[in-house]
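Below you'll find the structure, written out as structure tokens, and then a few comments.
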Amino acid sequence: MQLPRRLILVPMTLFALQVAPLAAQEASPTFEDDVTPIFAGNCIACHAEAAQSGLDLRTVESILKGGMSGPAVVPGKSSESLLMMKVESGDMPPGLSRLADTQIGIIRDWIDKTLGAKEELKASAAGAVP
């Protein structure tokens with residue numbers, strides 16, 4: 001006996017609707033897709049080639065290097081990152097345009113999850129026995 005199609009499709013659809021948001025929450029933001037657009041629209045005018053404070057926000061490498069105040073981020077530790085302190089306090093970007101909470105959250109997640117995971121990989125690779 002074959003079950004009606006609806007009896008199969010409805011539970012599958014409900015399952016997919018429950019799992020999809022979980023998968024989206026688990027995904028770590030990437031610099032290219034998630035962080036660069038925020039920086040491009042709010043920061044790059046001052047923090048690019050002729051960077052204010054010596055901080056260039058165009059590449060991960062230059063962000064890790066930092067500027068006159070030292071590294072802009074501490075991988076895996078947004079709460080210790082100067083960049084987060086500046087955007088959360090509203091000091092950056094200057095003026096009336098503050099980053100939206102969602103944008104701040106994306107940058108925080110990128111520092112904590114994406115950069116943190118990369119640092120863990122480097123550490124484990126450095127400690128690996130060939």
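Convention: chains lettered A, B, ... in structure tokens order; per-chain residue numbering from 1; ligands numbered from 1 as shown.
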
If we count only C-alpha atoms, what is near A:Thr59 at a cut-off of 10 Å, once residues fewer than 2 positions away on the same chain are taken out, given as a tab-separated table (two decimals) with N, CA and C atoms, in the first residue's frame?
chain	number	residue	atom	x	y	z
A	31	PHE	N	34.92	37.00	5.68
A	31	PHE	CA	35.39	38.36	5.47
A	31	PHE	C	34.86	38.91	4.15
A	32	GLU	N	35.02	38.11	3.08
A	32	GLU	CA	34.64	38.57	1.75
A	32	GLU	C	33.13	38.82	1.61
A	36	THR	N	33.39	42.53	4.57
A	36	THR	CA	33.83	43.53	3.58
A	36	THR	C	32.72	44.51	3.20
A	48	ALA	N	41.79	52.89	4.36
A	48	ALA	CA	42.23	52.14	3.18
A	48	ALA	C	43.71	52.47	2.95
A	56	ASP	N	44.35	49.80	8.01
A	56	ASP	CA	43.78	49.47	6.71
A	56	ASP	C	42.80	48.31	6.90
A	57	LEU	N	41.53	48.53	6.60
A	57	LEU	CA	40.50	47.51	6.81
A	57	LEU	C	40.14	46.75	5.53
A	61	GLU	N	44.76	40.37	6.63
A	61	GLU	CA	46.15	40.53	7.06
A	61	GLU	C	46.39	41.92	7.63
A	62	SER	N	45.88	42.96	6.96
A	62	SER	CA	46.11	44.32	7.45
A	62	SER	C	45.32	44.59	8.73
A	63	ILE	N	44.19	43.95	8.89
A	63	ILE	CA	43.41	44.10	10.12
A	63	ILE	C	44.14	43.44	11.29
A	64	LEU	N	44.69	42.26	11.04
A	64	LEU	CA	45.46	41.56	12.08
A	64	LEU	C	46.72	42.34	12.45
A	65	LYS	N	47.33	42.97	11.44
A	65	LYS	CA	48.52	43.78	11.70
A	65	LYS	C	48.12	45.00	12.53

Surrounding residues of A:Met68 excluding itself and chain neighbours under 6 positions, 8 Å, only C-alpha atoms, as a list of chain:residue names: A:Ser53, A:Gly54, A:Leu55

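Checking A:Val35, A:Ala27, A:Ala50, A:Ala45 one by one against A:Pro94, counting only C-alpha atoms, you find the shortest gap at A:Ala45.
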
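Pairwise distance (atom CA of A:Thr102, atom CA of A:Ser81) equals 17.7 Å.
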